[in-house]
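This is target19.txt (compact mmCIF, C-alpha atoms).
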# COMPACT_ATOMS: atom_id res chain seq x y z
CA MET A 1 0.00 0.00 0.00
CA ASN A 2 2.81 2.42 0.86
CA GLN A 3 4.47 1.74 -2.49
CA THR A 4 1.17 2.37 -4.27
CA ARG A 5 0.72 5.68 -2.47
CA ALA A 6 4.27 6.69 -3.35
CA ALA A 7 3.73 5.76 -7.01
CA LEU A 8 0.56 7.87 -7.14
CA ALA A 9 2.26 10.82 -5.47
CA GLU A 10 5.04 10.67 -8.07
CA ASP A 11 2.70 10.26 -11.07
CA ARG A 12 1.92 13.70 -12.49
CA PHE A 13 -0.83 12.42 -14.77
CA ALA A 14 -2.57 10.12 -12.24
CA SER A 15 -5.37 12.59 -11.49
CA TRP A 16 -5.68 14.40 -14.80
CA PRO A 17 -9.31 14.76 -15.90
CA LYS A 18 -10.64 13.61 -19.24
CA LEU A 19 -10.15 16.67 -21.47
CA PRO A 20 -6.54 17.58 -20.52
CA ALA A 21 -5.56 13.90 -20.69
CA ARG A 22 -7.06 13.52 -24.16
CA LEU A 23 -5.38 16.68 -25.42
CA ALA A 24 -2.04 15.51 -24.02
CA LEU A 25 -2.46 12.11 -25.65
CA LEU A 26 -3.30 13.72 -28.98
CA ALA A 27 -0.28 16.03 -28.82
CA PHE A 28 1.95 13.12 -27.83
CA ALA A 29 0.63 10.90 -30.64
CA LEU A 30 1.26 13.63 -33.23
CA LEU A 31 4.77 14.25 -31.93
CA LEU A 32 5.47 10.51 -31.89
CA VAL A 33 4.44 10.12 -35.54
CA MET A 34 6.42 13.17 -36.59
CA SER A 35 9.50 11.93 -34.72
CA ALA A 36 9.38 8.68 -36.69
CA LEU A 37 9.16 10.52 -40.02
CA VAL A 38 11.58 13.45 -39.81
CA PRO A 39 15.14 12.80 -41.00
CA ILE A 40 17.99 12.34 -38.56
CA THR A 41 21.02 13.83 -40.27
CA ALA A 42 24.48 15.15 -39.50
CA GLY A 43 25.07 17.21 -42.63
CA LYS A 44 28.50 16.75 -44.17
CA GLN A 45 29.37 14.24 -41.44
CA ASP A 46 26.70 11.75 -42.56
CA ILE A 47 29.11 9.42 -44.34
CA VAL A 48 31.71 9.47 -41.56
CA THR A 49 29.08 8.83 -38.88
CA LYS A 50 27.42 6.03 -40.88
CA ASP A 51 30.70 4.25 -41.58
CA PHE A 52 31.91 4.53 -38.01
CA VAL A 53 28.65 3.09 -36.68
CA GLU A 54 28.80 0.23 -39.18
CA ASN A 55 32.32 -0.61 -38.03
CA LEU A 56 31.22 -0.74 -34.40
CA ALA A 57 28.26 -2.90 -35.37
CA GLY A 58 30.53 -5.47 -36.98
CA THR A 59 30.23 -4.56 -40.67
CA GLU A 60 33.60 -3.82 -42.20
CA VAL A 61 33.85 -0.41 -43.83
CA PRO A 62 37.48 0.19 -44.84
CA GLY A 63 38.94 3.40 -43.47
CA ALA A 64 35.93 4.31 -41.31
CA GLU A 65 37.79 4.38 -37.99
CA ARG A 66 40.83 5.99 -39.55
CA PRO A 67 41.67 8.53 -40.73
CA ARG A 68 40.59 10.53 -37.72
CA ASP A 69 37.67 12.95 -38.11
CA ASP A 70 39.12 16.36 -39.01
CA ASP A 71 38.00 18.15 -35.83
CA LEU A 72 39.20 15.34 -33.56
CA ALA A 73 42.55 15.26 -35.35
CA LEU A 74 42.83 19.00 -34.77
CA TYR A 75 42.37 18.55 -31.01
CA ASP A 76 44.90 15.68 -31.03
CA THR A 77 47.49 18.00 -32.56
CA VAL A 78 46.70 20.87 -30.19
CA ILE A 79 47.14 18.60 -27.17
CA GLU A 80 50.43 17.27 -28.54
CA ARG A 81 51.83 20.75 -29.19
CA ILE A 82 50.89 22.30 -25.84
CA GLY A 83 52.51 19.25 -24.26
CA LYS A 84 55.76 20.50 -25.80
CA GLY A 85 55.35 23.87 -24.12
CA GLU A 86 53.68 25.90 -26.88
CA ASN A 87 51.03 28.51 -26.09
CA TYR A 88 47.47 27.19 -26.41
CA TYR A 89 46.01 30.19 -28.23
CA THR A 90 48.87 30.41 -30.73
CA VAL A 91 48.63 26.70 -31.43
CA VAL A 92 44.86 26.53 -31.74
CA ALA A 93 44.76 29.48 -34.16
CA GLU A 94 47.44 27.91 -36.38
CA GLU A 95 45.73 24.51 -36.36
CA HIS A 96 42.34 26.04 -37.13
CA ARG A 97 43.81 27.75 -40.19
CA ARG A 98 45.62 24.61 -41.28
CA SER A 99 42.33 22.67 -41.15
CA ASP A 100 40.38 25.53 -42.75
CA TYR A 101 38.38 26.12 -39.58
CA PRO A 102 37.41 29.67 -38.55
CA VAL A 103 39.20 31.47 -35.72
CA THR A 104 36.63 34.20 -35.26
CA PRO A 105 34.37 34.86 -33.42
CA GLY A 106 35.73 33.50 -30.15
CA TRP A 107 32.93 30.92 -29.97
CA ALA A 108 34.65 29.08 -32.82
CA VAL A 109 37.62 28.24 -30.57
CA ARG A 110 37.19 25.81 -27.68
CA LEU A 111 38.11 26.71 -24.13
CA PRO A 112 41.58 25.41 -23.22
CA THR A 113 40.55 23.38 -20.15
CA LEU A 114 40.07 19.98 -21.77
CA ALA A 115 43.25 20.25 -23.84
CA TYR A 116 45.36 20.75 -20.71
CA LEU A 117 43.53 18.03 -18.80
CA ALA A 118 44.08 15.59 -21.68
CA MET A 119 47.75 16.52 -21.84
CA TRP A 120 48.26 16.00 -18.10
CA LEU A 121 46.31 12.75 -17.95
CA GLY A 122 47.61 11.09 -21.09
CA PRO A 123 45.75 8.22 -22.85
CA VAL A 124 45.80 5.87 -19.85
CA GLY A 125 44.79 8.60 -17.42
CA GLN A 126 41.91 9.62 -19.67
CA MET A 127 40.56 6.06 -19.73
CA VAL A 128 40.85 5.78 -15.95
CA ALA A 129 39.09 9.14 -15.56
CA ALA A 130 36.32 8.04 -17.94
CA ILE A 131 35.73 4.82 -15.99
CA VAL A 132 35.72 6.60 -12.63
CA LEU A 133 33.37 9.27 -13.96
CA MET A 134 30.92 6.73 -15.35
CA LEU A 135 30.91 4.77 -12.08
CA ALA A 136 30.34 8.02 -10.18
CA VAL A 137 27.38 8.84 -12.45
CA LEU A 138 25.86 5.40 -11.84
CA LYS A 139 26.38 5.67 -8.06
CA ALA A 140 24.90 9.18 -7.92
CA TRP A 141 21.78 8.11 -9.82
CA TRP A 142 21.43 4.85 -7.89
CA ASP A 143 21.26 6.96 -4.73
CA ARG A 144 18.90 9.55 -6.18
CA LEU A 145 16.59 6.92 -7.64
CA ALA A 146 16.43 5.29 -4.20
CA GLU A 147 14.87 8.53 -2.96
CA GLU A 148 12.64 9.38 -5.92
CA ALA A 149 12.01 6.32 -8.13
CA GLY A 150 9.12 4.95 -6.08
CA ASP A 151 9.87 1.22 -6.24
CA PRO A 152 12.96 -1.04 -6.53
CA ARG A 153 12.06 -2.34 -10.00
CA THR A 154 11.84 1.16 -11.47
CA ARG A 155 15.11 1.99 -9.74
CA ARG A 156 16.87 -0.94 -11.42
CA ILE A 157 15.40 -0.16 -14.84
CA GLY A 158 16.31 3.49 -14.41
CA LEU A 159 19.92 2.68 -13.58
CA ALA A 160 20.16 0.40 -16.63
CA LEU A 161 18.95 3.27 -18.80
CA VAL A 162 21.47 5.63 -17.20
CA PHE A 163 24.18 3.09 -18.06
CA PHE A 164 22.88 2.92 -21.64
CA GLY A 165 23.37 6.68 -21.97
CA ALA A 166 26.52 7.13 -19.90
CA SER A 167 28.45 4.20 -21.39
CA LEU A 168 29.24 6.39 -24.41
CA GLY A 169 31.66 8.18 -22.08
CA LEU A 170 33.98 5.17 -22.32
CA ASN A 171 34.44 5.55 -26.09
CA ARG A 172 38.10 6.60 -26.28
CA TYR A 173 37.69 7.63 -29.92
CA TYR A 174 35.85 10.73 -28.66
CA PHE A 175 37.96 11.54 -25.59
CA VAL A 176 39.08 14.84 -27.12
CA LEU A 177 35.47 15.88 -27.72
CA HIS A 178 34.49 18.57 -25.22
CA GLU A 179 30.78 17.73 -25.24
CA LEU A 180 31.47 14.15 -24.17
CA TRP A 181 33.10 15.15 -20.87
CA ALA A 182 30.78 18.11 -20.28
CA GLY A 183 27.74 15.85 -20.71
CA MET A 184 29.07 13.22 -18.31
CA LEU A 185 29.86 15.88 -15.72
CA ILE A 186 26.35 17.33 -16.07
CA ALA A 187 24.96 13.83 -15.57
CA LEU A 188 26.98 13.51 -12.36
CA ALA A 189 26.02 16.97 -11.09
CA PHE A 190 22.32 16.31 -11.79
CA GLY A 191 22.51 13.03 -9.86
CA LEU A 192 24.33 14.59 -6.91
CA HIS A 193 22.07 17.63 -6.60
CA ARG A 194 19.40 17.76 -3.92
CA PRO A 195 17.35 20.96 -4.11
CA GLY A 196 17.97 23.27 -1.19
CA ARG A 197 19.90 20.83 1.00
CA LYS A 198 22.76 19.13 -0.87
CA TRP A 199 24.25 21.04 -3.74
CA GLY A 200 27.91 21.79 -2.95
CA ALA A 201 29.33 18.77 -4.78
CA ALA A 202 27.01 19.43 -7.73
CA LEU A 203 28.29 23.02 -7.86
CA ALA A 204 31.93 21.89 -8.02
CA VAL A 205 31.25 19.30 -10.73
CA THR A 206 29.22 21.79 -12.76
CA ALA A 207 32.02 24.35 -12.52
CA LEU A 208 34.40 21.87 -14.13
CA ALA A 209 31.87 21.04 -16.85
CA LEU A 210 31.35 24.73 -17.55
CA ALA A 211 35.11 25.30 -17.81
CA ILE A 212 35.22 22.60 -20.50
CA ARG A 213 32.23 23.69 -22.63
CA GLU A 214 30.12 26.83 -22.53
CA HIS A 215 27.07 24.83 -23.62
CA VAL A 216 26.70 23.87 -19.94
CA PHE A 217 25.65 27.47 -19.13
CA PRO A 218 21.87 26.85 -19.53
CA PHE A 219 22.19 24.03 -16.96
CA VAL A 220 23.67 26.53 -14.49
CA LEU A 221 21.00 29.12 -15.23
CA LEU A 222 18.21 26.60 -14.72
CA LEU A 223 19.64 25.42 -11.40
CA GLY A 224 19.88 29.04 -10.28
CA ALA A 225 16.36 29.85 -11.45
CA MET A 226 14.94 26.81 -9.64
CA ALA A 227 16.74 27.86 -6.45
CA VAL A 228 15.18 31.33 -6.74
CA TRP A 229 11.76 29.71 -7.32
CA ARG A 230 12.20 27.75 -4.06
CA ARG A 231 13.46 30.95 -2.35
CA ASN A 232 16.66 29.22 -1.38
CA TRP A 233 18.75 32.36 -1.53
CA LYS A 234 22.02 30.77 -0.44
CA GLU A 235 21.94 28.21 -3.23
CA ALA A 236 20.73 30.79 -5.74
CA ALA A 237 23.65 33.04 -4.79
CA ALA A 238 26.12 30.17 -5.32
CA TRP A 239 24.87 29.45 -8.84
CA SER A 240 24.86 33.19 -9.59
CA VAL A 241 28.48 33.53 -8.51
CA LEU A 242 29.41 30.58 -10.75
CA ALA A 243 27.58 32.16 -13.69
CA VAL A 244 29.29 35.53 -13.22
CA ALA A 245 32.71 33.92 -12.81
CA PHE A 246 32.18 31.97 -16.01
CA VAL A 247 31.20 35.09 -17.95
CA GLY A 248 34.48 36.64 -16.83
CA LEU A 249 36.39 33.52 -17.93
CA LEU A 250 34.64 33.55 -21.29
CA MET A 251 35.47 37.22 -21.84
CA ALA A 252 39.15 36.47 -21.16
CA HIS A 253 39.01 33.54 -23.59
CA HIS A 254 37.52 35.73 -26.31
CA HIS A 255 40.20 38.37 -25.64
CA TYR A 256 43.09 35.93 -26.06
CA THR A 257 41.46 34.40 -29.12
CA ALA A 258 40.97 37.84 -30.70
CA LEU A 259 44.71 38.52 -30.34
CA GLN A 260 45.37 35.65 -32.76
CA VAL A 261 42.95 36.77 -35.47
CA LEU A 262 44.46 37.88 -38.78
CA PRO A 263 42.78 40.11 -41.40
CA THR A 264 42.68 37.12 -43.74
CA ASP A 265 40.80 34.88 -41.29
CA ARG A 266 37.27 34.13 -42.40
CA PRO A 267 34.49 34.32 -39.81
CA SER A 268 32.54 31.25 -38.84
CA PRO A 269 29.19 30.62 -40.55
CA ALA A 270 26.21 31.53 -38.38
CA TRP A 271 25.11 28.96 -35.83
CA LEU A 272 21.52 30.17 -35.91
CA GLU A 273 19.86 27.66 -38.22
CA ILE A 274 16.26 26.65 -37.68
CA ARG A 275 16.15 22.87 -38.13
CA GLY A 276 12.98 22.20 -36.17
CA LEU A 277 12.21 18.75 -34.81
CA SER A 278 14.94 17.19 -36.95
CA GLY A 279 17.57 19.34 -35.23
CA TRP A 280 16.55 18.18 -31.75
CA LEU A 281 16.24 14.51 -32.62
CA SER A 282 19.40 14.44 -34.75
CA ASN A 283 21.56 16.02 -32.06
CA VAL A 284 20.42 13.61 -29.35
CA ALA A 285 20.29 10.45 -31.46
CA LEU A 286 23.62 10.86 -33.27
CA SER A 287 25.55 11.87 -30.14
CA SER A 288 24.27 8.95 -28.07
CA ASN A 289 23.97 5.18 -28.31
CA LEU A 290 20.70 5.70 -30.20
CA ARG A 291 22.90 6.17 -33.27
CA PHE A 292 22.78 2.38 -33.70
CA PHE A 293 18.98 2.48 -34.13
CA PRO A 294 17.04 3.32 -37.33
CA HIS A 295 15.62 6.83 -37.25
CA TRP A 296 12.01 5.62 -36.99
CA ILE A 297 12.89 4.01 -33.64
CA ALA A 298 15.43 6.53 -32.30
CA GLY A 299 13.14 9.54 -32.77
CA PRO A 300 10.13 8.10 -30.91
CA LEU A 301 12.38 6.86 -28.08
CA ILE A 302 13.55 10.44 -27.48
CA VAL A 303 9.95 11.65 -27.37
CA LEU A 304 8.97 8.82 -25.02
CA ALA A 305 11.87 9.68 -22.72
CA LEU A 306 10.68 13.28 -22.49
CA LEU A 307 7.15 12.10 -21.70
CA GLY A 308 8.55 9.94 -18.92
CA TRP A 309 10.38 12.88 -17.39
CA ALA A 310 7.22 14.99 -17.60
CA GLY A 311 5.19 12.32 -15.81
CA TRP A 312 7.73 11.87 -12.99
CA ARG A 313 6.40 14.19 -10.30
CA THR A 314 9.55 14.65 -8.22
CA ALA A 315 12.26 17.29 -7.96
CA ALA A 316 14.37 15.33 -10.46
CA GLY A 317 11.40 14.91 -12.80
CA VAL A 318 10.53 18.61 -12.82
CA PHE A 319 14.13 19.69 -13.37
CA GLY A 320 14.76 17.05 -16.03
CA THR A 321 11.62 18.02 -17.94
CA LEU A 322 12.62 21.69 -18.03
CA LEU A 323 16.23 20.83 -18.84
CA TYR A 324 15.50 18.54 -21.79
CA LEU A 325 12.70 20.72 -23.13
CA GLY A 326 15.01 23.73 -23.00
CA TYR A 327 17.91 22.06 -24.76
CA GLY A 328 15.50 20.49 -27.24
CA LEU A 329 14.17 23.91 -28.16
CA ALA A 330 17.71 25.26 -28.45
CA PHE A 331 18.69 22.43 -30.81
CA MET A 332 15.66 23.22 -32.97
CA LEU A 333 16.74 26.85 -33.38
CA ALA A 334 20.54 26.81 -33.24
CA GLY A 335 23.37 24.68 -34.52
CA ARG A 336 24.23 23.53 -38.01
CA PRO A 337 23.67 19.88 -39.00
CA ASP A 338 27.38 19.14 -38.53
CA ASN A 339 27.11 20.39 -34.93
CA PHE A 340 25.09 17.30 -34.03
CA TYR A 341 27.61 16.37 -31.31
CA TRP A 342 26.21 19.19 -29.14
CA GLY A 343 23.59 16.66 -28.10
CA ALA A 344 26.21 14.80 -26.04
CA VAL A 345 25.85 17.56 -23.43
CA VAL A 346 22.41 16.24 -22.44
CA ALA A 347 22.27 12.67 -23.76
CA PRO A 348 23.86 10.64 -20.90
CA VAL A 349 20.87 10.73 -18.51
CA MET A 350 18.02 11.72 -20.81
CA PHE A 351 16.98 8.11 -21.48
CA LEU A 352 16.24 7.60 -17.78
CA GLY A 353 12.84 9.08 -18.65
CA LEU A 354 11.97 5.86 -20.49
CA ALA A 355 11.66 4.11 -17.10
CA PHE A 356 8.66 6.34 -16.30
CA ALA A 357 7.13 6.54 -19.78
CA PRO A 358 4.84 3.43 -19.44
CA ARG A 359 3.29 4.79 -16.25
CA ALA A 360 2.79 8.21 -17.84
CA LEU A 361 1.08 6.69 -20.88
CA GLN A 362 -1.12 4.46 -18.73
CA SER A 363 -2.25 7.37 -16.56
CA LEU A 364 -3.03 9.57 -19.54
CA TRP A 365 -4.95 6.73 -21.17
CA ARG A 366 -6.97 6.13 -18.00
CA GLY A 367 -7.67 9.84 -17.67
CA GLY A 368 -8.68 10.12 -21.32
CA ALA A 369 -11.04 7.16 -20.88
CA GLY A 370 -12.71 8.88 -17.94
CA ARG A 371 -10.95 7.00 -15.18
CA CYS A 372 -8.40 8.90 -13.09
CA ARG A 373 -6.51 7.67 -10.07
CA PHE A 374 -6.26 9.88 -7.02
CA HIS A 375 -5.46 9.83 -3.33
CA VAL A 376 -8.31 10.16 -0.83
CA ARG A 377 -8.10 9.94 3.00
CA GLY A 378 -4.90 7.91 2.92
CA LYS A 379 -6.30 5.36 0.44
CA ASP A 380 -5.60 4.89 -3.24
CA SER A 381 -8.68 4.91 -5.40
CA SER A 382 -9.87 4.76 -8.97
CA SER A 383 -12.97 6.64 -9.97
CA ARG A 384 -14.84 7.68 -13.05
CA SER A 385 -14.56 11.41 -13.60
CA ARG A 386 -17.86 13.17 -13.33

Take the structure I supplied and represent it as structure tokens, if you would.
Amino acid sequence: MNQTRAALAEDRFASWPKLPARLALLAFALLLVMSALVPITAGKQDIVTKDFVENLAGTEVPGAERPRDDDLALYDTVIERIGKGENYYTVVAEEHRRSDYPVTPGWAVRLPTLAYLAMWLGPVGQMVAAIVLMLAVLKAWWDRLAEEAGDPRTRRIGLALVFFGASLGLNRYYFVLHELWAGMLIALAFGLHRPGRKWGAALAVTALALAIREHVFPFVLLLGAMAVWRRNWKEAAAWSVLAVAFVGLLMAHHHYTALQVLPTDRPSPAWLEIRGLSGWLSNVALSSNLRFFPHWIAGPLIVLALLGWAGWRTAAGVFGTLLYLGYGLAFMLAGRPDNFYWGAVVAPVMFLGLAFAPRALQSLWRGGAGRCRFHVRGKDSSSRSR
């Protein structure tokens, strides 16, 4: 009985009346069909991505693993050269020009944090760090699911789904990719965070993620906004200080990058490119283990995961819903097709929502049929809506 009460308390759609439930089901059905139909594409990287996936799946495609992708090879060279004592900004500008990549504006050049970490750690150290980070993510979410998942079975399924997403962090081919580490660190910070009472460790982990990739900034802003909403001024102040410190760091980065710009350097193409639903689904699917699935399965799984987050009526569920909706909207409006790897910032834990999707669908179906579940005088009941 206690487990049933807990499940009802954590089910956002359990008491929805007929009309809202039917409208939600209709919207979900339309989005599900659209997600199965829209293309999942990575622009000029389509061939490279397809061949690399086929190699991992066991089909031989000569040359797919090597030569290295151009951008990854660039980071390899930068790490090698700063390891010999060269200045990061001088090196990165020269390598960008050599690879015909833009140097301006400053957004086109990555922050130096990951390059120095990779240099200090070396290949073996990077693998050890990746393993430790993945285990930390699993432990953090095992603990958080114990508090918020509702029942042991959902907790086990949820952890398996976290592993499905976070296991990409062990792919050494992408160790120089900033989004890979930033996404894993966000996954850890999200799992460690407890609103209003346990956020110090999450703050430290998020600070490292932010120093690696500026795409973590919306995560910081959302945590700060939620702290303000709860009127937890101490936590809100901490996230605000982190945000201000990062803006200062980013301004310094842009300054040092600008010093390397030559009159002949071409500016980067605009990142504002409205790709709609395809942009969101492509970014998440191609930068996660969903890249092994056909698009008509990968797209609906992303939509189902979001529904699961929306139906999970806990602090984690609310934050996850806002987080993945926000990034989803951003991916629809910004980023070129060959920027699909941005999705790795949010992919590691997003599929946890699939653990709660069946319950969300069942509750909406019951509500749409005129039967909603609700809690009355300490007992769980089912009743026809009147």

List every protein, DNA or RNA residue with an atom no more than 10 Å from (20.0, 12.7, -35.1) in the file's coordinates, counting all atoms listed in the file, and format the result as a list in words.
->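 Here is the list of nearby residues: Val38, Pro39, Ile40, Thr41, Ala42, Leu277, Ser278, Gly279, Trp280, Leu281, Ser282, Asn283, Val284, Ala285, Leu286, Ser287, Ser288, Leu290, Arg291, His295, Ala298, Gly299, Pro337, Phe340, Tyr341 and Gly343 of chain A.
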
Nearest candidate to Val345 in chain A (options A:Val205, A:Ala238, A:Val247, A:Trp181; using all atoms listed in the file) =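 Between A:Val205, A:Ala238, A:Val247, A:Trp181, the residue approaching Val345 in chain A most closely is A:Trp181.
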
Minimum-distance residue to Asn87 in chain A, chosen among A:His215, A:Gln260, A:Ser167, A:Glu179 (using only C-alpha atoms) =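 Ranked by minimum distance to Asn87 in chain A, first place goes to A:Gln260.
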
For Leu272 in chain A, which residue out of A:Ser240, A:Asn339, A:Thr104, A:Asn289 is the nearest one, using all atoms listed in the file?
-> A:Asn339

Between CA of Pro195 in chain A and CA of Asn232 in chain A, what is the spacing in Å?
->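 Rounded to one decimal, the two atoms are 8.7 Å apart.
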
Non-local contacts of range 202-204 of chain A (6 Å; all atoms listed in the file; under 5 positions in same chain excluded) as a ChimeraX atom specification | /A:189,192-193

Find the residues near Glu214 in chain A: any atom within 10 Å, counting all atoms listed in the file, skip ones fewer than 4 places away on the same chain, and give them as an MDAnalysis selection string.
-> chainID A and resid 107 110:111 178:179 182 209:210 218 246:247 250

Show me the residues close to (20.5, 29.7, -3.8) - anything with an atom within 10 Å, counting all atoms listed in the file - and format the list as an mmCIF file with C-alpha atoms, in the coordinates of the input.
data_model
loop_
_atom_site.group_PDB
_atom_site.id
_atom_site.type_symbol
_atom_site.label_atom_id
_atom_site.label_comp_id
_atom_site.auth_asym_id
_atom_site.auth_seq_id
_atom_site.Cartn_x
_atom_site.Cartn_y
_atom_site.Cartn_z
ATOM 1 C CA PRO A 195 17.350 20.960 -4.110
ATOM 2 C CA GLY A 196 17.970 23.270 -1.190
ATOM 3 C CA TRP A 199 24.250 21.040 -3.740
ATOM 4 C CA LEU A 223 19.640 25.420 -11.400
ATOM 5 C CA GLY A 224 19.880 29.040 -10.280
ATOM 6 C CA ALA A 225 16.360 29.850 -11.450
ATOM 7 C CA MET A 226 14.940 26.810 -9.640
ATOM 8 C CA ALA A 227 16.740 27.860 -6.450
ATOM 9 C CA VAL A 228 15.180 31.330 -6.740
ATOM 10 C CA TRP A 229 11.760 29.710 -7.320
ATOM 11 C CA ARG A 230 12.200 27.750 -4.060
ATOM 12 C CA ARG A 231 13.460 30.950 -2.350
ATOM 13 C CA ASN A 232 16.660 29.220 -1.380
ATOM 14 C CA TRP A 233 18.750 32.360 -1.530
ATOM 15 C CA LYS A 234 22.020 30.770 -0.440
ATOM 16 C CA GLU A 235 21.940 28.210 -3.230
ATOM 17 C CA ALA A 236 20.730 30.790 -5.740
ATOM 18 C CA ALA A 237 23.650 33.040 -4.790
ATOM 19 C CA ALA A 238 26.120 30.170 -5.320
ATOM 20 C CA TRP A 239 24.870 29.450 -8.840
ATOM 21 C CA SER A 240 24.860 33.190 -9.590
#

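Nearest residue to Leu188 in chain A, choosing from A:Pro152, A:Pro348, A:Pro269, A:Gly311 and counting all atoms listed in the file: A:Pro348.
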
Best match for closeness to Leu177 in chain A among A:Phe293, A:Trp365, A:Phe356, A:Tyr75, counting all atoms listed in the file =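 So, comparing all the options, the nearest one is A:Tyr75.
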
Identify which of the residues A:Leu19, A:Ile82, A:Leu307, A:Ala146 lies closest to Ala115 in chain A, counting all atoms listed in the file when measuring atom-to-atom distances.
->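 Of A:Leu19, A:Ile82, A:Leu307, A:Ala146, the one nearest Ala115 in chain A, counting all atoms listed in the file, is A:Ile82.
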
Report the centre and edge lengths, in Å to one decimal, of an axis-aligned box enclosing every atom of range 304-322 of chain A listed in the file, padded by 5 Å on each side, as JSON.
{"center_x": 10.0, "center_y": 15.3, "center_z": -16.5, "size_x": 19.6, "size_y": 22.9, "size_z": 27.1}

Could you work out how far CA of Val303 in chain A lies from CA of Arg22 in chain A, giving the answer in Å with one decimal?
->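 Separation of CA of Arg22 in chain A and CA of Val303 in chain A: 17.4 Å.
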
Length of the CA of Tyr89 in chain A to CA of Leu262 in chain A vector [Å] =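 CA of Leu262 in chain A lies at a distance of 13.1 Å from CA of Tyr89 in chain A.
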
Restore N, CA, C and O atoms in range 241-253 of chain A and list the result as an mmCIF file, keeping the file's coordinate frame.
data_model
loop_
_atom_site.group_PDB
_atom_site.id
_atom_site.type_symbol
_atom_site.label_atom_id
_atom_site.label_comp_id
_atom_site.auth_asym_id
_atom_site.auth_seq_id
_atom_site.Cartn_x
_atom_site.Cartn_y
_atom_site.Cartn_z
ATOM 1 N N VAL A 241 27.041 33.257 -8.544
ATOM 2 C CA VAL A 241 28.480 33.530 -8.510
ATOM 3 C C VAL A 241 29.198 32.701 -9.580
ATOM 4 O O VAL A 241 30.083 33.205 -10.282
ATOM 5 N N LEU A 242 28.806 31.431 -9.715
ATOM 6 C CA LEU A 242 29.410 30.580 -10.750
ATOM 7 C C LEU A 242 29.149 31.156 -12.137
ATOM 8 O O LEU A 242 30.047 31.197 -12.994
ATOM 9 N N ALA A 243 27.918 31.604 -12.377
ATOM 10 C CA ALA A 243 27.580 32.160 -13.690
ATOM 11 C C ALA A 243 28.396 33.408 -13.989
ATOM 12 O O ALA A 243 28.932 33.569 -15.100
ATOM 13 N N VAL A 244 28.529 34.296 -13.011
ATOM 14 C CA VAL A 244 29.290 35.530 -13.220
ATOM 15 C C VAL A 244 30.767 35.226 -13.435
ATOM 16 O O VAL A 244 31.415 35.810 -14.313
ATOM 17 N N ALA A 245 31.299 34.291 -12.653
ATOM 18 C CA ALA A 245 32.710 33.920 -12.810
ATOM 19 C C ALA A 245 32.956 33.347 -14.200
ATOM 20 O O ALA A 245 33.987 33.628 -14.838
ATOM 21 N N PHE A 246 32.007 32.556 -14.684
ATOM 22 C CA PHE A 246 32.180 31.970 -16.010
ATOM 23 C C PHE A 246 32.136 33.040 -17.089
ATOM 24 O O PHE A 246 32.906 32.975 -18.061
ATOM 25 N N VAL A 247 31.252 34.005 -16.963
ATOM 26 C CA VAL A 247 31.200 35.090 -17.950
ATOM 27 C C VAL A 247 32.544 35.799 -18.014
ATOM 28 O O VAL A 247 33.044 36.132 -19.107
ATOM 29 N N GLY A 248 33.157 36.025 -16.847
ATOM 30 C CA GLY A 248 34.480 36.640 -16.830
ATOM 31 C C GLY A 248 35.518 35.773 -17.529
ATOM 32 O O GLY A 248 36.345 36.266 -18.312
ATOM 33 N N LEU A 249 35.479 34.456 -17.269
ATOM 34 C CA LEU A 249 36.390 33.520 -17.930
ATOM 35 C C LEU A 249 36.193 33.535 -19.438
ATOM 36 O O LEU A 249 37.163 33.543 -20.213
ATOM 37 N N LEU A 250 34.940 33.571 -19.862
ATOM 38 C CA LEU A 250 34.640 33.550 -21.290
ATOM 39 C C LEU A 250 35.118 34.827 -21.981
ATOM 40 O O LEU A 250 35.627 34.793 -23.106
ATOM 41 N N MET A 251 34.976 35.952 -21.283
ATOM 42 C CA MET A 251 35.470 37.220 -21.840
ATOM 43 C C MET A 251 36.985 37.176 -22.020
ATOM 44 O O MET A 251 37.529 37.646 -23.039
ATOM 45 N N ALA A 252 37.695 36.595 -21.041
ATOM 46 C CA ALA A 252 39.150 36.470 -21.160
ATOM 47 C C ALA A 252 39.514 35.547 -22.333
ATOM 48 O O ALA A 252 40.452 35.834 -23.094
ATOM 49 N N HIS A 253 38.778 34.468 -22.472
ATOM 50 C CA HIS A 253 39.010 33.540 -23.590
ATOM 51 C C HIS A 253 38.833 34.237 -24.931
ATOM 52 O O HIS A 253 39.663 34.089 -25.832
#
